[in-house]
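Everything below concerns the one structure shown next.
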Amino acid sequence: MTGAWTLGIESTAHTLSFGLVDSKGTPTPASSSTVRPDEGGIHPRQAADHHKDAAALLFDQLLKQNQLIHSDIGAVAYSQGPGLGPCLRVGAAIARGLSSRLEVPLIGVNHCVAHIEIGRQQCGCQDPILLYVSGGNTQVIAHLDGRYRVLGETLDIGIGNMLDKFARGQGIPFPGGPVIEKLASQWLAENTGASLDGLELPFAVRGMDLAFSGVMTAAQRLLDNGAELGAVCWSLQEHAFAACVEIAERALAHTGKNELLLGGGVACNNRLREMCTLMSEERGATSHAPPRMFCIDNGSMIALLGHIELNHGRTTTYEQSAVDQYLRTDQTPVTWAV
Ligand code: AMP
Ligand code: MG
């Protein structure tokens with residue numbers, strides 16, 4: 001008898017994570033490790049080496065924390081893309097090895113679609129507009145005709161990368177997003193009735209798309225001109241998040257959908273969550289955000305999508321198992337009910 005659990009392996013970028021769902025698709029907390037460079041951004045090869053070194057321990061930890069043995073695993077899913085090539089290849093190699101050794105099906109899945117499905121499951125929403133805000137990706141997505149379609153997205157860098165890069169300029173190590181959130185809320189608490197006068201930044205909206213690199217440079221310039229770091233962090237969040245919320249609102253209006261779902265690591269941010277709730281309430285829609293452990297990159301969401309795809313008859317042969325760094329959200333057929 002094959003095992004009832006589906007294993008998910010996430011390795012698109014900074015994080016290697018192993019997660020599980022049971023036979024009903026219920027996830028357990030993942031076992032993860034994130035590379036934290038001493039200086040500079042994430043180097044794909046160094047991150048891949050980190051993933052290779054961390055893998056055995058994380059996998060054992062996951063089995064131990066769930067009191068499982070190898071034969072409890074009935075399928076192995078992995079992130080096939082999009083992401084950093086060297087990192088993706090480590091995850092895919094581990095997945096192929098485990099699938100072959102355990103003699104269970106292999107399922108390569110789309111990382112972005114996995115964010116959507118874990119969000120839909122955790123928040124109980126049906127047919128949402130997804131605001132997907134992570135390190136490398138920033139997209140507004142809606143389901144139409146058997147695909148998740150991208151209605152708007154960043155034209156340059158992901159919002160998380162922008163926050164991390166701005167923070168790095170101030171000596172704040174990766175991930176900078178949570179530190180910016182803390183500095184902004186501390187500054188706001190000390191400056192009640194704060195105004196954006198003198199703290200204006202360019203607006204990132206370009207039609208239905210977004211662009212963040214100019215916002216980051218302008219924020220840096222505010223600091224160069226003597227503005228306080230906390231004030232600039234606050235202004236940066238207000239401007240960047242308002243731009244995302246604006247295109248998400250337009251997506252709700254155009255499609256007539258009435259649920260907004262947040263996903264990706266930046267969706268951990270309380271101010272962004274609050275802005276999404278305010279906008280949604282104003283137009284009679286609802287806003288949803290999954291628990292934070294399922295917003296950041298995690299193996300559980302990969303396991304969940306693998307479980308769904310397997311139940312709809314899709315598996316990945318060895319020949320089909322190569323990674324695709326540039327895999328798009330709308331390249332993956334959605335064969336399950338939305
Ligand atoms: P992901 O690529 O989805 O794993 O998300 C990682 C990104 O989320 C990094 O760029 C982090 O800086 C960002 N992030 C995590 N927590 C927060 C937060 N509370 N506020 C803003 N950004 C965050
Ligand atoms: Mg992600």
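By convention here, the chains of the structure tokens are called A, B, ... in the order presented, each chain's residues are numbered starting at 1, and ligands are numbered starting at 1 in the order presented.
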Environment of ligand 2 within 8 Å, counting only C-alpha atoms and all ligand atoms, reported as a compact mmCIF listing (two decimals) with N, CA, C and O atoms, in the first residue's frame:
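Generated output (pocket_31.txt):
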```txt
# COMPACT_ATOMS: atom_id res chain seq x y z
N THR A 12 12.33 27.70 -4.80
CA THR A 12 12.41 28.65 -5.92
C THR A 12 13.47 29.73 -5.72
O THR A 12 14.00 30.26 -6.69
N HIS A 111 4.73 27.34 -8.80
CA HIS A 111 4.86 27.98 -7.49
C HIS A 111 3.79 29.05 -7.25
O HIS A 111 3.21 29.14 -6.16
N CYS A 112 3.51 29.87 -8.26
CA CYS A 112 2.54 30.96 -8.10
C CYS A 112 1.13 30.40 -7.88
O CYS A 112 0.37 30.90 -7.04
N HIS A 115 0.63 29.30 -4.34
CA HIS A 115 0.26 30.39 -3.42
C HIS A 115 -1.25 30.62 -3.46
O HIS A 115 -1.88 30.86 -2.43
N SER A 134 5.33 39.08 -3.39
CA SER A 134 6.42 38.34 -2.76
C SER A 134 7.74 39.02 -3.08
O SER A 134 7.77 40.17 -3.54
N GLY A 135 8.84 38.31 -2.82
CA GLY A 135 10.15 38.88 -3.11
C GLY A 135 10.30 39.16 -4.60
O GLY A 135 10.47 40.31 -5.02
N GLY A 136 10.16 38.12 -5.41
CA GLY A 136 10.42 38.25 -6.84
C GLY A 136 9.19 38.55 -7.67
O GLY A 136 9.32 38.93 -8.84
N ASN A 137 7.99 38.36 -7.13
CA ASN A 137 6.77 38.50 -7.93
C ASN A 137 5.83 39.53 -7.34
O ASN A 137 5.71 39.64 -6.12
N GLY A 264 1.95 35.51 -0.78
CA GLY A 264 3.35 35.93 -0.91
C GLY A 264 3.83 36.53 0.40
O GLY A 264 3.03 36.93 1.26
N GLY A 265 5.15 36.60 0.56
CA GLY A 265 5.74 37.01 1.83
C GLY A 265 5.34 38.41 2.30
O GLY A 265 5.17 38.64 3.50
N CYS A 295 1.92 32.28 3.89
CA CYS A 295 2.16 33.41 2.97
C CYS A 295 3.58 33.33 2.42
O CYS A 295 3.79 33.46 1.21
N ILE A 296 4.55 33.13 3.32
CA ILE A 296 5.93 33.02 2.87
C ILE A 296 6.09 31.70 2.09
O ILE A 296 5.24 30.82 2.17
N ASP A 297 7.17 31.58 1.34
CA ASP A 297 7.40 30.36 0.57
C ASP A 297 7.45 29.16 1.51
O ASP A 297 8.18 29.19 2.51
```
| said: To check your reading of the model: which residues sit at most 9 Å from ligand 1 when counting only C-alpha atoms and all ligand atoms? Write the answer as a ChimeraX atom specification. | reply: /A:12-15,115,132-137,158-165,167,174-182,237,263-272,292,295-298
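In terms of minimum interatomic distance to Ala251 (chain A), A:Arg149 ranks closest within A:His312, A:Arg168, A:His288, A:Arg149, counting only C-alpha atoms.
For the atom pair formed by CA of Pro173 (chain A) and CA of Ile94 (chain A), the distance is 29.0 Å, given to one decimal.
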May I have all residues of region 68-276 of chain A that DSSP, computed from the backbone, assigns to strand (DSSP E or B), given as a PDB file with C-alpha atoms, in the first residue's frame?
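Listed below is the output, part15.pdb:
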```pdb
ATOM      1  CA  ILE A  73       4.666   9.270   1.588  1.00  0.00           C
ATOM      2  CA  GLY A  74       2.493   8.471  -1.426  1.00  0.00           C
ATOM      3  CA  ALA A  75       3.557  11.257  -3.827  1.00  0.00           C
ATOM      4  CA  VAL A  76       6.301  13.872  -4.198  1.00  0.00           C
ATOM      5  CA  ALA A  77       5.543  17.376  -5.510  1.00  0.00           C
ATOM      6  CA  TYR A  78       8.100  20.115  -6.183  1.00  0.00           C
ATOM      7  CA  SER A  79       8.229  23.709  -7.466  1.00  0.00           C
ATOM      8  CA  GLN A  80       8.995  23.423 -11.173  1.00  0.00           C
ATOM      9  CA  GLY A  81       9.117  27.225 -11.622  1.00  0.00           C
ATOM     10  CA  LEU A 106       6.284  12.840  -9.117  1.00  0.00           C
ATOM     11  CA  ILE A 107       4.360  16.092  -9.694  1.00  0.00           C
ATOM     12  CA  GLY A 108       6.068  19.324 -10.802  1.00  0.00           C
ATOM     13  CA  VAL A 109       3.881  22.321  -9.900  1.00  0.00           C
ATOM     14  CA  ASN A 110       3.672  26.054 -10.565  1.00  0.00           C
ATOM     15  CA  ILE A 129      -8.727  38.237  -7.122  1.00  0.00           C
ATOM     16  CA  LEU A 130      -5.273  37.335  -5.835  1.00  0.00           C
ATOM     17  CA  LEU A 131      -2.854  40.082  -4.882  1.00  0.00           C
ATOM     18  CA  TYR A 132       0.395  38.113  -4.985  1.00  0.00           C
ATOM     19  CA  VAL A 133       3.149  40.152  -3.360  1.00  0.00           C
ATOM     20  CA  THR A 138       4.062  41.132  -7.769  1.00  0.00           C
ATOM     21  CA  GLN A 139       0.920  40.196  -9.678  1.00  0.00           C
ATOM     22  CA  VAL A 140      -2.831  40.677  -9.653  1.00  0.00           C
ATOM     23  CA  ILE A 141      -4.426  37.425 -10.794  1.00  0.00           C
ATOM     24  CA  ALA A 142      -7.942  36.219 -11.618  1.00  0.00           C
ATOM     25  CA  HIS A 143      -9.356  32.873 -12.727  1.00  0.00           C
ATOM     26  CA  LEU A 144     -10.919  32.827 -16.207  1.00  0.00           C
ATOM     27  CA  ARG A 147      -6.342  29.456 -16.209  1.00  0.00           C
ATOM     28  CA  TYR A 148      -5.232  31.917 -13.574  1.00  0.00           C
ATOM     29  CA  ARG A 149      -4.752  35.057 -15.689  1.00  0.00           C
ATOM     30  CA  VAL A 150      -2.367  37.866 -14.818  1.00  0.00           C
ATOM     31  CA  LEU A 151      -4.307  41.146 -15.005  1.00  0.00           C
ATOM     32  CA  GLY A 152      -1.446  43.337 -13.840  1.00  0.00           C
ATOM     33  CA  GLU A 153       2.108  42.892 -12.601  1.00  0.00           C
ATOM     34  CA  THR A 154       5.380  44.608 -11.861  1.00  0.00           C
ATOM     35  CA  VAL A 205       0.958  52.417 -11.010  1.00  0.00           C
ATOM     36  CA  ARG A 206       1.422  52.050 -14.799  1.00  0.00           C
ATOM     37  CA  ASP A 209       0.885  47.283 -14.078  1.00  0.00           C
ATOM     38  CA  LEU A 210       3.368  48.472 -11.455  1.00  0.00           C
ATOM     39  CA  GLU A 259     -13.211  38.401  -2.822  1.00  0.00           C
ATOM     40  CA  LEU A 260      -9.647  39.655  -2.493  1.00  0.00           C
ATOM     41  CA  LEU A 261      -6.970  37.174  -1.426  1.00  0.00           C
ATOM     42  CA  LEU A 262      -3.445  38.086  -0.340  1.00  0.00           C
ATOM     43  CA  GLY A 263      -0.468  35.805  -0.942  1.00  0.00           C
TER      44      GLY A 263
END
```
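In terms of minimum interatomic distance to Thr335 (chain A), A:Asp145 ranks closest within A:Asp72, A:Asp60, A:Asp127, A:Asp145, counting only C-alpha atoms.
Checking A:Arg250, A:Glu117, A:Glu281, A:Ala219 one by one against Trp336 (chain A), counting only C-alpha atoms, you find the shortest gap at A:Glu117.
Comparing A:Ala231, A:Ala218, A:Met279, A:Leu58 by their smallest distance to Asn258 (chain A), the closest is A:Met279 (using only C-alpha atoms).
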